[in-house]
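Note sheet for the following structure.
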Amino acid sequence: MKYLVTGAAGFIGYHVCLRLLNSGHKVTGLDNVNDYYDVQLKLDRLHRLEKWTDFRFEKVNLEDREIMARVFSQSEYDRVIHLAAQAGVRYSLENPHAYIDSNLIGFTNILEGCRSASTPHLVYASSSSVYGSNTRMPFSVHHNVDHPVSLYAATKKANELMAHTYSHLFRIPTTGLRFFTVYGPWGRPDMALFIFTKAILGGHPIDVFNYGKMQRDFTYVDDIVEGILRVAENIPTPDTDWTGDNPDPSSSAAPYKIYNIGNNNPVELMAMIDALEDALGLKSERNLQPIQPGDVPATYADVDDLIADVGFRPSTSIEDGIKKFVTWYRDYYKIA
């Protein structure tokens, strides 16, 4: 099959492309390789992908309407997996326009490309951050999510609404995936696990926000990729039981679906740090800090719909996942 994967130089996008290539598919990868974090890390991911003859890469900005129209006119894709986005909750307080350009204008160009090409299925990245001020746990796709607490979250919620509109108007099958704190080898340097690992190995203290009482549904990247690819093969159809009298946010009378992908097992930040210290064989100096603007104190995914529809539940433990990350980190940065 032919796949278009956006964000191919990114953390999750790289792993998705690698899995598809290993399975014998043809992949076109898009990325603008911006400097939000270490460009060399992105280039090293791409270098590994470009060893495959079935991989073709284009450096593009999603917000460039003409280029994106050309991308969709050049080839017909069996699936579009849209993972590119301006990431980061805290950075959205500093540079809001980057989120509008990439996450709203860029996503509009993806939707328009899928419409013009009659793409059989668009799978796109949403985020657990859409749950915002919700406190009812575990977070369910059947809950209302109208109270985001960061612009990043607001753009992801907007993506879900935009996708539904295109599914309704043009019958484009779309599936949104709400990711819960993804981690693992080749991860993002702005994420807590990466920051903590670098600091501890360098003998520096780590900032622990919300005084360590944060809880996250840490999800290992291989579990995320498995979920993405299973969902990609499960093309949504209109829900015949859906009614506007009691609208379910996760489905529709249009070919539209939303899933959570999380480990279904929230871990307190202190426990994550303990597991990291065990994997590193080192102790940390912890600098306890208040919660940061835009952060939520806890995330916890209800994945019942994912299990029911595609037969998959993330299962990698935080201890095993962190060990694999530390092994990769030491190898990549040549640290004994």
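Ordered as shown in the structure tokens, chains take letters A, B, and onward, while each chain numbers its residues from 1 and ligands are numbered from 1 in the order shown.
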
Could you give me, as CSV, a per-residue list for segment 71-124 of chain A showing, wherever an atom lies at most 9 Å from an atom of segment 156-160 of chain A, the closest pair of atoms and their distance in Å to one decimal, using only C-alpha atoms and sorting by chain then residue number from low to high?
residue,atom,partner,partner_atom,distance
A:Asn103,CA,A:Lys156,CA,7.3
A:Leu104,CA,A:Asn159,CA,7.0
A:Phe107,CA,A:Asn159,CA,7.1
A:Thr108,CA,A:Asn159,CA,8.6
A:Tyr124,CA,A:Asn159,CA,8.6

Return as JSON, numbers by chain the full set of residues in segment 6-249 of chain A whose backbone-based DSSP assignment is strand (DSSP E or B). {"A": [6, 26, 27, 28, 29, 30, 31, 55, 56, 57, 58, 59, 79, 80, 81, 82, 122, 123, 124, 125, 126, 127, 139, 174, 175, 176, 177, 178, 179, 182, 183, 206, 207, 208, 215, 216, 219, 220]}

Show which residues sit within 8 Å of segment 210-215 of chain A, as a PyMOL selection string. Count only C-alpha atoms, and ignore same-chain residues fewer than 2 positions away. chain A and resi 208+217+266-270+288-292+296-299

Shell around segment 134-138 of chain A at 7 Å using only C-alpha atoms, local window under 6 positions removed, as a PDB file with N, CA and C atoms, in the first residue's frame:
ATOM      1  N   TYR A 300      -5.299  10.019  32.242  1.00  0.00           N
ATOM      2  CA  TYR A 300      -5.604   8.600  32.439  1.00  0.00           C
ATOM      3  C   TYR A 300      -6.585   8.207  31.334  1.00  0.00           C
ATOM      4  N   ALA A 301      -6.163   7.306  30.465  1.00  0.00           N
ATOM      5  CA  ALA A 301      -6.936   6.994  29.261  1.00  0.00           C
ATOM      6  C   ALA A 301      -7.873   5.808  29.457  1.00  0.00           C
ATOM      7  N   ASP A 302      -9.132   5.997  29.107  1.00  0.00           N
ATOM      8  CA  ASP A 302     -10.072   4.896  28.928  1.00  0.00           C
ATOM      9  C   ASP A 302      -9.895   4.409  27.486  1.00  0.00           C
TER      10      ASP A 302
END

So which one's closest to Pro249 of chain A, A:Ala85, A:Met68, A:Leu280, A:Val141? Using only C-alpha atoms, please.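 Comparing A:Ala85, A:Met68, A:Leu280, A:Val141 against Pro249 of chain A, the winner is A:Val141.
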
So which one's closest to Ser75 of chain A, A:Val123, A:Val27, A:Met272, A:Val16? Using only C-alpha atoms, please. A:Val27
